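Chemist: After the structure tokens below, expect a handful of questions from me.
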Protein chains: 4
Amino acid sequence: MNKRSGSESKKRILSAAVKVFSQYGYRGASMRLIAKTAAVSVGAVYLYFRNKEELYYTLIKNKLDDLDARTGEILRDMEDPEETMKNFIAMRLEHARRHREHILIQVKENGFTFGIKMKKDFFRHQREVVEKIIRKGIASGKFRKCDAEEVSKIIICTLRGFILSVVVEPDALFSPEECGSLILKGLLK
Amino acid sequence: MNKRSGSESKKRILSAAVKVFSQYGYRGASMRLIAKTAAVSVGAVYLYFRNKEELYYTLIKNKLDDLDARTGEILRDMEDPEETMKNFIAMRLEHARRHREHILIQVKENGFTFGIKMKKDFFRHQREVVEKIIRKGIASGKFRKCDAEEVSKIIICTLRGFILSVVVEPDALFSPEECGSLILKGLLK
Amino acid sequence: MNKRSGSESKKRILSAAVKVFSQYGYRGASMRLIAKTAAVSVGAVYLYFRNKEELYYTLIKNKLDDLDARTGEILRDMEDPEETMKNFIAMRLEHARRHREHILIQVKENGFTFGIKMKKDFFRHQREVVEKIIRKGIASGKFRKCDAEEVSKIIICTLRGFILSVVVEPDALFSPEECGSLILKGLLK
Amino acid sequence: MNKRSGSESKKRILSAAVKVFSQYGYRGASMRLIAKTAAVSVGAVYLYFRNKEELYYTLIKNKLDDLDARTGEILRDMEDPEETMKNFIAMRLEHARRHREHILIQVKENGFTFGIKMKKDFFRHQREVVEKIIRKGIASGKFRKCDAEEVSKIIICTLRGFILSVVVEPDALFSPEECGSLILKGLLK
DNA sequence: TATGAATGAGGGTTCATTCAT
DNA sequence: CATGAATGAACCCTCATTCAT
């Protein structure tokens, strides 16, 4: 059909794949539909990706790398740990809202076996970031003393819950500020 | 050609279905595999469930009803709101740990259309329970003043995150007590 | 369930089979539905008929035997060949109208391989009857001279067409008299 | 993995379908067998026809359209109604003989619900054609006076019978001439 | 004589993947 | 680089038939 540069086609396919995977899940998405959505032939998809699995994998990898980069930025100029924690949470929520489809893909195929190591690495790194913030907060006397590792896990989980909600019920928005507040101040007086 | 009591077979099928659905997701699970796992013929599955969808639906419904009942129990004898909230969170986490596979099924098929009303009803009810506890806590002066509806949403999301983690990474356990603590006391001193 | 005499059950099954076969055709009819319609268990059907094929075969055979008997009666007191021919045609049409379902079964499974000999025998016999009437008619000078065998075939076919129509479009009735007339007098002046 | 031109495959499939449907009926015919008969993969059949129903429908439609066209030709140059009627009957019989399998398909699935409107339209049109010939015949004084509508119905039925016979017993041929004769002249002197 | 749970082959259909062009 | 017809394994589901009761 149209002649396009190779990389252009690849981008189109990736973009189409995000849409289709997020809507139908890994198994529900058909290569034909992805190709059609990308306005490309079925064969073309196999030109750029060995198979469905690799296409899916690439998608996830791209997004996690992106998120890793943004996390790095936030960490770079950490001064006030409270501020940093708020920024981190807000960034993750904002990212989830903007890339709802990507998160959906992962949510739907959670437990799916591809790229499980990649995901574990990502989550470990995120947790370590949070732990680092907490330690800084405790050291600076702003956070109450607690088991930084344990609490970092909990916060990551909490965040996961927030993000899941953002993605699953995009209409029922709640403010990142309140989320941050709860984590920082708790319910009790 | 084994003869088994009807209800025995049905139980075996349900139990097999939980395993298979939780491992492969709705689409990934094949009726053949479910039948095989239940040590039953394909036809037998259709003897007890009209189709795949109904089998899936029954699974979800059973578990949600169960959870509704346990939630009711906790609410019934609420005296100290702080205690009730802790109990509620602990119950949900405990339940998730014990029925990991069931939660997995739902996580994986999030966005899947069957029984969506049933799920929505469940989540609304759970949120209302939390809201009720919060209002009681504020009224009794134990909780800081806040928008009970908004915060109940956030807590449900937080909980969702905890549960997701319990289910996705069953090894990386963290204590229900700490979870409750974070929600109640927050990170700050 | 109910205790019934064996022959009663058999009758019920046959009667149910006629209904179900005529509505759904041989392949479309399920043994389960036949059993249900007969208010009998699936197993019971296999008590009286070795399998689906035999049940079907029995049905057809019964009806053809019945028709053979009636044809015999008409032939017995043949005096006026014109009258006899009219009676024969009327009888067949009347029979078709009253046993619409049976005819439908055969129409639908025409070419079906069971009992093909039985049907051939039946049709041959019917044709011979018609041939006999024609010969008598020619001999008596009432019918124009023609190849009795050839014409008997044609009349049988004509009749088949009439019957098919009676069965397929039961509302669009046309009179047996007119049918007889056409065959006897033709279109020409 | 043979490469064939698309339209070639489609033709092969249609041709195979005629054979298989005519032998086994709609329900008895399996897509697998049709594919095999066409020397094509199962998937290929679904490349050209959305499903079994559409394949069947296409078959019927093609043939009915063809027959409509031939009927039109005969009507176009009607001069002598007797001649036209003979031609019409002969054409239909000839057509039945040449497309035995197609007729068989329809005979077997009579009462089958697909495309029922299409068939009704066809039959209505055919009857109107016959009615037109009859009226012309009466007007020209060659045919005896009769209820043209009623008699056209009967003739269509008669024809149906002839065709059915041609198709069901292809060996027991009888001449189109004699068929025409019977309809025109009747049995009586 | 009667039941109906159980079986498993087979039916319609989809879809990841390949390959001649 | 790109196409899309073709393949065939695998999916969900039905149903004739059997057999323990």
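Identifiers for the structure tokens are assigned positionally: chains receive A, B, ... in sequence, residues are indexed from 1 per chain, and ligands are indexed from 1 in the order shown.
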Hey, what's within 12 Å of region 15-18 of chain E if we count only C-alpha atoms (C1' of nucleotides) and toss same-chain stuff fewer than 4 positions away? As a list of chain:residue names, please?
Modeler: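 In the requested format, the answer is A:Arg27, A:Gly28, A:Ala29, A:Ser30, A:Met31, A:Arg32, A:Leu33, A:Val42, A:Gly43, A:Val45, A:Tyr46, A:Leu47, A:Phe49, A:Arg50, A:Asn51, A:Lys52, A:Glu53, D:Met1, D:Asn2, D:Gly43, D:Tyr46, F:DG4, F:DA5, F:DA6, F:DT7, F:DG8, F:DA9, F:DA10, F:DC11.
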Chemist: What's the 12 Å shell around Leu75 (chain C), counting only C-alpha atoms (C1' of nucleotides), without same-chain residues fewer than 2 positions away, as a list in words?
Modeler: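 Listing them by chain and then by number gives Asp68, Ala69, Arg70, Thr71, Gly72, Glu73, Asp77, Met78, Glu79, Asp80, Pro81, Glu83, Thr84, Met85, Lys86, Asn87, Phe88, Met91, Gln126, Glu128, Val129, Val130, Glu131, Lys132, Ile133 and Lys136 of chain C.
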Chemist: Under the rule of at most 9 Å, produce a per-residue listing of chain A near chain B: chain, number, name, the closest pair of atoms, and the distance in Å, as a tab-separated table, using only C-alpha atoms.
Modeler:
```
residue	atom	partner	partner_atom	distance
A:Gln23	CA	B:Gly111	CA	8.3
A:Tyr24	CA	B:Phe112	CA	8.5
A:Gly25	CA	B:Glu109	CA	8.5
A:Arg27	CA	B:Arg27	CA	6.3
A:Gly28	CA	B:Arg27	CA	7.0
A:Glu82	CA	B:Leu188	CA	8.6
A:Leu104	CA	B:Gly111	CA	8.6
A:Val107	CA	B:Lys108	CA	6.5
A:Lys108	CA	B:Lys108	CA	4.5
A:Glu109	CA	B:Lys108	CA	5.8
A:Asn110	CA	B:Lys108	CA	6.0
A:Gly111	CA	B:Val168	CA	7.2
A:Phe112	CA	B:Tyr24	CA	7.4
A:Ile134	CA	B:Leu187	CA	8.7
A:Gly137	CA	B:Leu188	CA	8.9
A:Gly141	CA	B:Lys189	CA	8.5
A:Lys142	CA	B:Leu188	CA	6.5
A:Phe143	CA	B:Leu188	CA	4.6
A:Arg144	CA	B:Lys189	CA	4.4
A:Lys145	CA	B:Lys189	CA	8.1
A:Cys146	CA	B:Leu187	CA	8.6
A:Glu150	CA	B:Phe174	CA	6.8
A:Val151	CA	B:Glu178	CA	7.6
A:Lys153	CA	B:Phe174	CA	7.6
A:Ile154	CA	B:Cys179	CA	6.5
A:Ile155	CA	B:Leu182	CA	8.5
A:Ile156	CA	B:Gly161	CA	8.1
A:Cys157	CA	B:Gly161	CA	4.7
A:Thr158	CA	B:Thr158	CA	4.4
A:Leu159	CA	B:Gly161	CA	6.7
A:Arg160	CA	B:Gly161	CA	4.9
A:Gly161	CA	B:Gly161	CA	3.3
A:Phe162	CA	B:Cys157	CA	5.2
A:Ile163	CA	B:Cys157	CA	8.3
A:Leu164	CA	B:Gly161	CA	7.5
A:Ser165	CA	B:Cys157	CA	6.1
A:Val168	CA	B:Gly111	CA	7.3
A:Ala172	CA	B:Lys153	CA	8.9
A:Phe174	CA	B:Glu150	CA	7.0
A:Ser175	CA	B:Glu150	CA	8.8
A:Glu178	CA	B:Val151	CA	7.7
A:Cys179	CA	B:Ile154	CA	6.6
A:Ser181	CA	B:Gly186	CA	8.1
A:Leu182	CA	B:Gly186	CA	6.2
A:Ile183	CA	B:Gly186	CA	5.0
A:Leu184	CA	B:Leu187	CA	4.4
A:Lys185	CA	B:Gly186	CA	4.1
A:Gly186	CA	B:Gly186	CA	3.4
A:Leu187	CA	B:Leu184	CA	4.4
A:Leu188	CA	B:Phe143	CA	4.5
A:Lys189	CA	B:Arg144	CA	4.4
```
Chemist: Can those selected residues be exported to a file as a PDB file, in the first residue's frame so that it contains C-alpha atoms?
Modeler:
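out.pdb, written as the output of this step:
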```pdb
ATOM      1  CA  GLN A  23      -9.259  -2.901  24.835  1.00  0.00           C
ATOM      2  CA  TYR A  24      -9.307  -6.642  24.305  1.00  0.00           C
ATOM      3  CA  GLY A  25      -6.478  -7.980  26.452  1.00  0.00           C
ATOM      4  CA  ARG A  27      -5.649 -13.064  24.053  1.00  0.00           C
ATOM      5  CA  GLY A  28      -8.599 -11.091  22.850  1.00  0.00           C
ATOM      6  CA  GLU A  82       7.703  15.096  52.032  1.00  0.00           C
ATOM      7  CA  LEU A 104      -4.818  -1.584  31.445  1.00  0.00           C
ATOM      8  CA  VAL A 107      -3.539  -5.182  34.616  1.00  0.00           C
ATOM      9  CA  LYS A 108      -5.418  -7.454  32.309  1.00  0.00           C
ATOM     10  CA  GLU A 109      -2.532  -9.735  31.691  1.00  0.00           C
ATOM     11  CA  ASN A 110      -1.205  -9.745  35.163  1.00  0.00           C
ATOM     12  CA  GLY A 111       0.173 -13.133  35.845  1.00  0.00           C
ATOM     13  CA  PHE A 112       0.811 -13.484  32.190  1.00  0.00           C
ATOM     14  CA  ILE A 134      11.413   7.262  53.579  1.00  0.00           C
ATOM     15  CA  GLY A 137      12.441  11.491  55.752  1.00  0.00           C
ATOM     16  CA  GLY A 141      13.187  13.908  61.396  1.00  0.00           C
ATOM     17  CA  LYS A 142      10.141  14.678  59.317  1.00  0.00           C
ATOM     18  CA  PHE A 143       8.807  11.075  59.145  1.00  0.00           C
ATOM     19  CA  ARG A 144       8.031   9.003  62.185  1.00  0.00           C
ATOM     20  CA  LYS A 145      10.342   6.083  62.744  1.00  0.00           C
ATOM     21  CA  CYS A 146       9.262   2.922  61.016  1.00  0.00           C
ATOM     22  CA  GLU A 150       8.211  -2.738  55.097  1.00  0.00           C
ATOM     23  CA  VAL A 151       6.529   0.636  54.758  1.00  0.00           C
ATOM     24  CA  LYS A 153       6.306  -2.056  50.257  1.00  0.00           C
ATOM     25  CA  ILE A 154       3.033  -0.902  51.671  1.00  0.00           C
ATOM     26  CA  ILE A 155       3.241   2.425  49.964  1.00  0.00           C
ATOM     27  CA  ILE A 156       3.978   0.792  46.649  1.00  0.00           C
ATOM     28  CA  CYS A 157       0.918  -1.347  47.141  1.00  0.00           C
ATOM     29  CA  THR A 158      -1.169   1.635  48.073  1.00  0.00           C
ATOM     30  CA  LEU A 159       0.021   3.394  44.981  1.00  0.00           C
ATOM     31  CA  ARG A 160      -0.810   0.351  42.946  1.00  0.00           C
ATOM     32  CA  GLY A 161      -4.326   0.551  44.288  1.00  0.00           C
ATOM     33  CA  PHE A 162      -4.616   4.204  43.403  1.00  0.00           C
ATOM     34  CA  ILE A 163      -3.375   3.585  39.923  1.00  0.00           C
ATOM     35  CA  LEU A 164      -5.623   0.629  39.403  1.00  0.00           C
ATOM     36  CA  SER A 165      -8.552   2.795  40.352  1.00  0.00           C
ATOM     37  CA  VAL A 168     -10.425   1.050  35.987  1.00  0.00           C
ATOM     38  CA  ALA A 172     -14.429   8.483  39.573  1.00  0.00           C
ATOM     39  CA  PHE A 174      -9.992  11.545  43.269  1.00  0.00           C
ATOM     40  CA  SER A 175      -7.280  14.045  43.892  1.00  0.00           C
ATOM     41  CA  GLU A 178      -5.737  13.652  49.039  1.00  0.00           C
ATOM     42  CA  CYS A 179      -3.950  10.429  48.196  1.00  0.00           C
ATOM     43  CA  SER A 181      -2.266  13.328  52.368  1.00  0.00           C
ATOM     44  CA  LEU A 182      -3.621   9.996  53.469  1.00  0.00           C
ATOM     45  CA  ILE A 183      -0.291   8.346  53.074  1.00  0.00           C
ATOM     46  CA  LEU A 184       1.486  11.092  54.889  1.00  0.00           C
ATOM     47  CA  LYS A 185      -0.980  11.965  57.613  1.00  0.00           C
ATOM     48  CA  GLY A 186      -3.188   8.927  58.008  1.00  0.00           C
ATOM     49  CA  LEU A 187      -6.741   8.938  59.186  1.00  0.00           C
ATOM     50  CA  LEU A 188      -6.182   9.568  62.876  1.00  0.00           C
ATOM     51  CA  LYS A 189      -5.954  12.968  64.350  1.00  0.00           C
TER      52      LYS A 189
END
```
Chemist: Residues of chain E near chain D: apply a cut-off of 12 Å, count only C-alpha atoms (C1' of nucleotides), and supply the list as a PyMOL selection string.
Modeler: chain E and resi 10-15+18-21
Chemist: Enumerate the residues of chain C with a DSSP assignment of alpha helix (DSSP H), computed from the backbone, and present them as a ChimeraX atom specification.
Modeler: /C:6-28,31-37,42-48,52-76,81-98,100-108,116-139,148-168,176-185
Chemist: CA of Arg100 (chain B) to CA of Val18 (chain B): how many Å, to one decimal?
Modeler: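 Here the two named atoms are 9.9 Å from each other.
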Chemist: For chain F, list the residues within 12 Å of chain B, counting only C-alpha atoms (C1' of nucleotides), and write the list as a PDB file with C-alpha atoms (C1' of nucleotides), in the first residue's frame.
Modeler:
```pdb
ATOM      1  C1'  DA F  10      -7.396 -25.124  18.885  1.00  0.00           C
ATOM      2  C1'  DC F  11     -11.520 -23.011  20.688  1.00  0.00           C
ATOM      3  C1'  DC F  12     -16.565 -23.486  22.468  1.00  0.00           C
ATOM      4  C1'  DC F  13     -20.228 -26.293  22.318  1.00  0.00           C
ATOM      5  C1'  DT F  14     -23.728 -30.309  20.996  1.00  0.00           C
ATOM      6  C1'  DC F  15     -25.451 -34.742  20.987  1.00  0.00           C
ATOM      7  C1'  DT F  18     -23.920 -45.993  27.281  1.00  0.00           C
ATOM      8  C1'  DC F  19     -24.414 -47.830  31.886  1.00  0.00           C
ATOM      9  C1'  DA F  20     -24.573 -47.813  36.993  1.00  0.00           C
ATOM     10  C1'  DT F  21     -28.368 -47.461  39.583  1.00  0.00           C
TER      11       DT F  21
END
```
Chemist: What is the distance between CA of Tyr48 (chain A) and CA of Arg98 (chain A), in Å to one decimal?
Modeler: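 Separation between CA of Tyr48 (chain A) and CA of Arg98 (chain A): 26.2 Å.
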